[in-house]
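A short worksheet on the structure shown next.
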Amino acid sequence: DAMEKLVRTLLLSGFGTAICGNSLPASQGEHLISHYGDMLPDPGRPFTFHGEQIGVTTLTMARLQGRMLEGPPPVVSADRSTEADSNARFGPTLGPSCWSDFSQKRLTADKATRVNQRIADKWPAIRAAISAISLHAGKLSLVLKAAKAPRTPADLGWPRASYQVAVRHAREIRNRYTFLDLAADAGVLDGMIPEIT
């Protein structure tokens with residue numbers, strides 16, 4: 001029964017990826033955090049499997065998403081990041097590539113106005129649609145615990161401070177708007193990081 005559910009989920013994920021032409025249906029903020037950690041690893045951090053990292057990062061994203069959905073409609077502002085910030089963070093090789101992707105989704109003042117209007121008009125429907133298909137972080141944690149899988153950055157040997165930097169800046173590596181972006185653009189990500197990690 002478990003294998004049947006796993007194969008069904010993987011097939012549906014594969015169909016979604018094929019239809020969209022990219023991994024968007026199967027890869028959101030949790031993957032960005034994991035990839036950021038792989039791109040800029042802590043010296044001495046032990047090797048861990050991608051799936052183990054995704055378990056931990058999924059819990060972080062579930063906590064973030066839960067906090068955002070429980071709260072009032074977010075109000076976003078224009079992003080103030082610069083290409084120089086990207087190059088300083090990711091270096092001369094990765095920086096331009098990350099900026100090329102990230103700059104496509106950055107909110108300008110006009111985009112922020114449009115997003116805020118959409119959120120104001122549709123937040124209850126957005127919240128209901130996401131909540132209907134989401135699993136609470138507590139349930140996800142129990143599933144990982146039952147599987148004896150890592151649940152915290154410490155379980156991965158990933159120093160908490162370094163993990164928190166990854167959560168803060170992972171959104172900057174791809175053109176994929178996730179709850180990391182929504183929280184950052186609403187000015188609440190930094191304040192939530194200590195609670196969600």
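Numbering starts fresh at 1 for the residues of each chain in the structure tokens, the chains themselves are lettered A, B, ... in the order given, and ligands are numbered from 1 as they appear.
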Hey, could you make a per-residue contact list for segment 68-156 of chain A against segment 47-60 of chain A with 6 Å as the cut-off, showing the nearest pair of atoms and its distance in Å to one decimal, counting only C-alpha atoms, sorted by chain and number, as a tab-separated table?
```
residue	atom	partner	partner_atom	distance
A:Ala137	CA	A:Leu59	CA	5.6
A:Arg151	CA	A:Val56	CA	4.8
A:Thr152	CA	A:Val56	CA	5.6
```
Output of the above residues as a PDB file, in the first residue's frame, restricted to N, CA, C and O atoms:
```pdb
ATOM      1  N   ALA A 137       2.788  20.994   9.859  1.00  0.00           N
ATOM      2  CA  ALA A 137       4.170  20.648  10.224  1.00  0.00           C
ATOM      3  C   ALA A 137       4.215  19.579  11.314  1.00  0.00           C
ATOM      4  O   ALA A 137       5.093  18.714  11.293  1.00  0.00           O
ATOM      5  N   ARG A 151      14.969  15.433  11.346  1.00  0.00           N
ATOM      6  CA  ARG A 151      13.893  16.427  11.426  1.00  0.00           C
ATOM      7  C   ARG A 151      14.410  17.835  11.712  1.00  0.00           C
ATOM      8  O   ARG A 151      13.666  18.797  11.605  1.00  0.00           O
ATOM      9  N   THR A 152      15.659  17.947  12.093  1.00  0.00           N
ATOM     10  CA  THR A 152      16.212  19.257  12.417  1.00  0.00           C
ATOM     11  C   THR A 152      17.525  19.452  11.663  1.00  0.00           C
ATOM     12  O   THR A 152      18.171  18.471  11.278  1.00  0.00           O
TER      13      THR A 152
END
```
message = I need the helix (DSSP H, G or I) residues of segment 25-179 of chain A per DSSP on the backbone, written as a VMD selection string.
response = chain A and resid 25 to 26 29 to 39 50 to 70 83 to 102 109 to 133 137 to 146 154 to 156 160 to 173 179
Could you take the residues named above and write them with C-alpha atoms, as a CSV table (one decimal), in the first residue's frame?
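So the final result, stored in result_19.csv, reads:
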```csv
chain,number,residue,atom,x,y,z
A,25,PRO,CA,5.1,21.3,-9.2
A,26,ALA,CA,7.6,19.2,-7.2
A,29,GLY,CA,11.1,26.6,-1.1
A,30,GLU,CA,12.2,23.4,0.6
A,31,HIS,CA,14.4,22.5,-2.4
A,32,LEU,CA,15.8,26.0,-2.6
A,33,ILE,CA,17.0,25.8,1.0
A,34,SER,CA,18.6,22.4,0.3
A,35,HIS,CA,20.2,23.6,-2.9
A,36,TYR,CA,21.5,26.7,-1.2
A,37,GLY,CA,23.1,24.5,1.4
A,38,ASP,CA,24.7,22.4,-1.3
A,39,MET,CA,26.0,25.4,-3.2
A,50,HIS,CA,19.1,15.1,-0.7
A,51,GLY,CA,16.0,13.4,0.6
A,52,GLU,CA,17.1,13.8,4.2
A,53,GLN,CA,17.7,17.5,3.6
A,54,ILE,CA,14.3,17.8,2.0
A,55,GLY,CA,12.6,16.2,5.0
A,56,VAL,CA,14.1,18.9,7.3
A,57,THR,CA,13.5,21.8,4.9
A,58,THR,CA,9.9,20.7,4.3
A,59,LEU,CA,9.3,21.0,8.0
A,60,THR,CA,10.7,24.5,7.9
A,61,MET,CA,8.6,25.5,4.9
A,62,ALA,CA,5.4,23.9,6.5
A,63,ARG,CA,6.0,26.0,9.6
A,64,LEU,CA,6.5,29.2,7.5
A,65,GLN,CA,3.5,28.5,5.3
A,66,GLY,CA,1.3,27.7,8.4
A,67,ARG,CA,2.4,31.0,10.1
A,68,MET,CA,1.7,33.0,6.9
A,69,LEU,CA,-1.8,31.3,6.4
A,70,GLU,CA,-2.8,31.8,10.0
A,83,GLU,CA,23.1,42.5,-8.5
A,84,ALA,CA,26.1,43.6,-6.3
A,85,ASP,CA,24.4,41.8,-3.4
A,86,SER,CA,24.0,38.7,-5.4
A,87,ASN,CA,27.6,38.7,-6.5
A,88,ALA,CA,28.9,39.4,-3.0
A,89,ARG,CA,26.8,36.5,-1.6
A,90,PHE,CA,27.4,33.9,-4.3
A,91,GLY,CA,30.7,34.9,-5.8
A,92,PRO,CA,31.7,35.9,-9.3
A,93,THR,CA,30.7,32.6,-10.9
A,94,LEU,CA,27.4,31.8,-9.3
A,95,GLY,CA,26.4,35.4,-8.6
A,96,PRO,CA,25.5,36.5,-12.1
A,97,SER,CA,23.6,33.2,-12.8
A,98,CYS,CA,21.6,33.6,-9.5
A,99,TRP,CA,20.9,37.2,-10.2
A,100,SER,CA,19.7,36.4,-13.8
A,101,ASP,CA,17.1,34.0,-12.3
A,102,PHE,CA,16.2,36.0,-9.2
A,109,ALA,CA,6.7,48.9,-6.9
A,110,ASP,CA,4.1,48.3,-9.7
A,111,LYS,CA,4.2,44.5,-9.3
A,112,ALA,CA,3.9,44.8,-5.5
A,113,THR,CA,0.8,47.0,-6.0
A,114,ARG,CA,-0.8,44.3,-8.2
A,115,VAL,CA,0.2,41.5,-5.9
A,116,ASN,CA,-1.3,43.4,-2.9
A,117,GLN,CA,-4.5,43.9,-4.7
A,118,ARG,CA,-4.8,40.3,-5.7
A,119,ILE,CA,-4.0,39.2,-2.1
A,120,ALA,CA,-6.6,41.7,-0.7
A,121,ASP,CA,-9.2,40.4,-3.1
A,122,LYS,CA,-8.5,36.7,-2.9
A,123,TRP,CA,-6.7,35.9,0.4
A,124,PRO,CA,-9.5,33.8,1.9
A,125,ALA,CA,-9.8,31.7,-1.3
A,126,ILE,CA,-6.0,31.4,-1.5
A,127,ARG,CA,-5.8,30.4,2.1
A,128,ALA,CA,-8.6,27.8,1.7
A,129,ALA,CA,-7.1,26.3,-1.5
A,130,ILE,CA,-3.6,25.9,0.0
A,131,SER,CA,-4.9,24.6,3.4
A,132,ALA,CA,-7.0,22.0,1.7
A,133,ILE,CA,-4.0,20.3,0.2
A,137,ALA,CA,4.2,20.6,10.2
A,138,GLY,CA,3.3,18.6,13.3
A,139,LYS,CA,1.9,15.7,11.2
A,140,LEU,CA,4.9,15.9,8.9
A,141,SER,CA,7.2,15.8,11.9
A,142,LEU,CA,5.5,12.7,13.3
A,143,VAL,CA,5.8,10.9,9.9
A,144,LEU,CA,9.5,11.7,9.7
A,145,LYS,CA,10.0,10.6,13.3
A,146,ALA,CA,8.3,7.3,12.6
A,154,ALA,CA,21.3,19.5,13.8
A,155,ASP,CA,20.2,16.0,12.8
A,156,LEU,CA,21.9,16.7,9.5
A,160,ARG,CA,21.7,26.3,12.9
A,161,ALA,CA,23.2,29.7,12.1
A,162,SER,CA,24.2,28.5,8.7
A,163,TYR,CA,20.8,26.8,8.1
A,164,GLN,CA,19.1,30.1,9.0
A,165,VAL,CA,21.2,32.0,6.4
A,166,ALA,CA,20.1,29.4,3.9
A,167,VAL,CA,16.5,29.9,4.8
A,168,ARG,CA,17.0,33.7,4.5
A,169,HIS,CA,18.7,33.7,1.1
A,170,ALA,CA,17.6,30.5,-0.7
A,171,ARG,CA,15.0,32.4,-2.6
A,172,GLU,CA,17.7,34.3,-4.4
A,173,ILE,CA,19.0,31.3,-6.4
A,179,PHE,CA,6.5,31.3,0.5
```
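You will find atom CA of Asp42 of chain A at 7.5 Å from atom CA of Trp158 of chain A.
For the atom pair formed by atom CA of Val75 of chain A and atom CA of Ser23 of chain A, the distance is 27.7 Å, given to one decimal.
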ask   = When you draw a straight line from atom CA of Leu12 of chain A to atom CA of Leu24 of chain A, how long is it in Å?
value =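 Computed distance, atom CA of Leu12 of chain A to atom CA of Leu24 of chain A, equals 12.8 Å.
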query = Of the residues A:Tyr177, A:Ile196, A:Ala18, A:Ala78, which is the one nearest to Gln104 of chain A, using only C-alpha atoms?
reply = A:Tyr177
Within 7 Å of Thr178 of chain A using only C-alpha atoms, minus same-chain residues under 2 positions, as a PDB file with C-alpha atoms, in the first residue's frame:
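Saved as result-v4.pdb:
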```pdb
ATOM      1  CA  GLN A  28       9.474  24.827  -4.019  1.00  0.00           C
ATOM      2  CA  GLY A  29      11.120  26.591  -1.085  1.00  0.00           C
ATOM      3  CA  ARG A 176      10.521  30.551  -8.509  1.00  0.00           C
ATOM      4  CA  LEU A 180      10.077  32.337   1.139  1.00  0.00           C
ATOM      5  CA  ASP A 181       9.566  35.214  -1.309  1.00  0.00           C
ATOM      6  CA  LEU A 182       6.127  36.101  -0.005  1.00  0.00           C
TER       7      LEU A 182
END
```
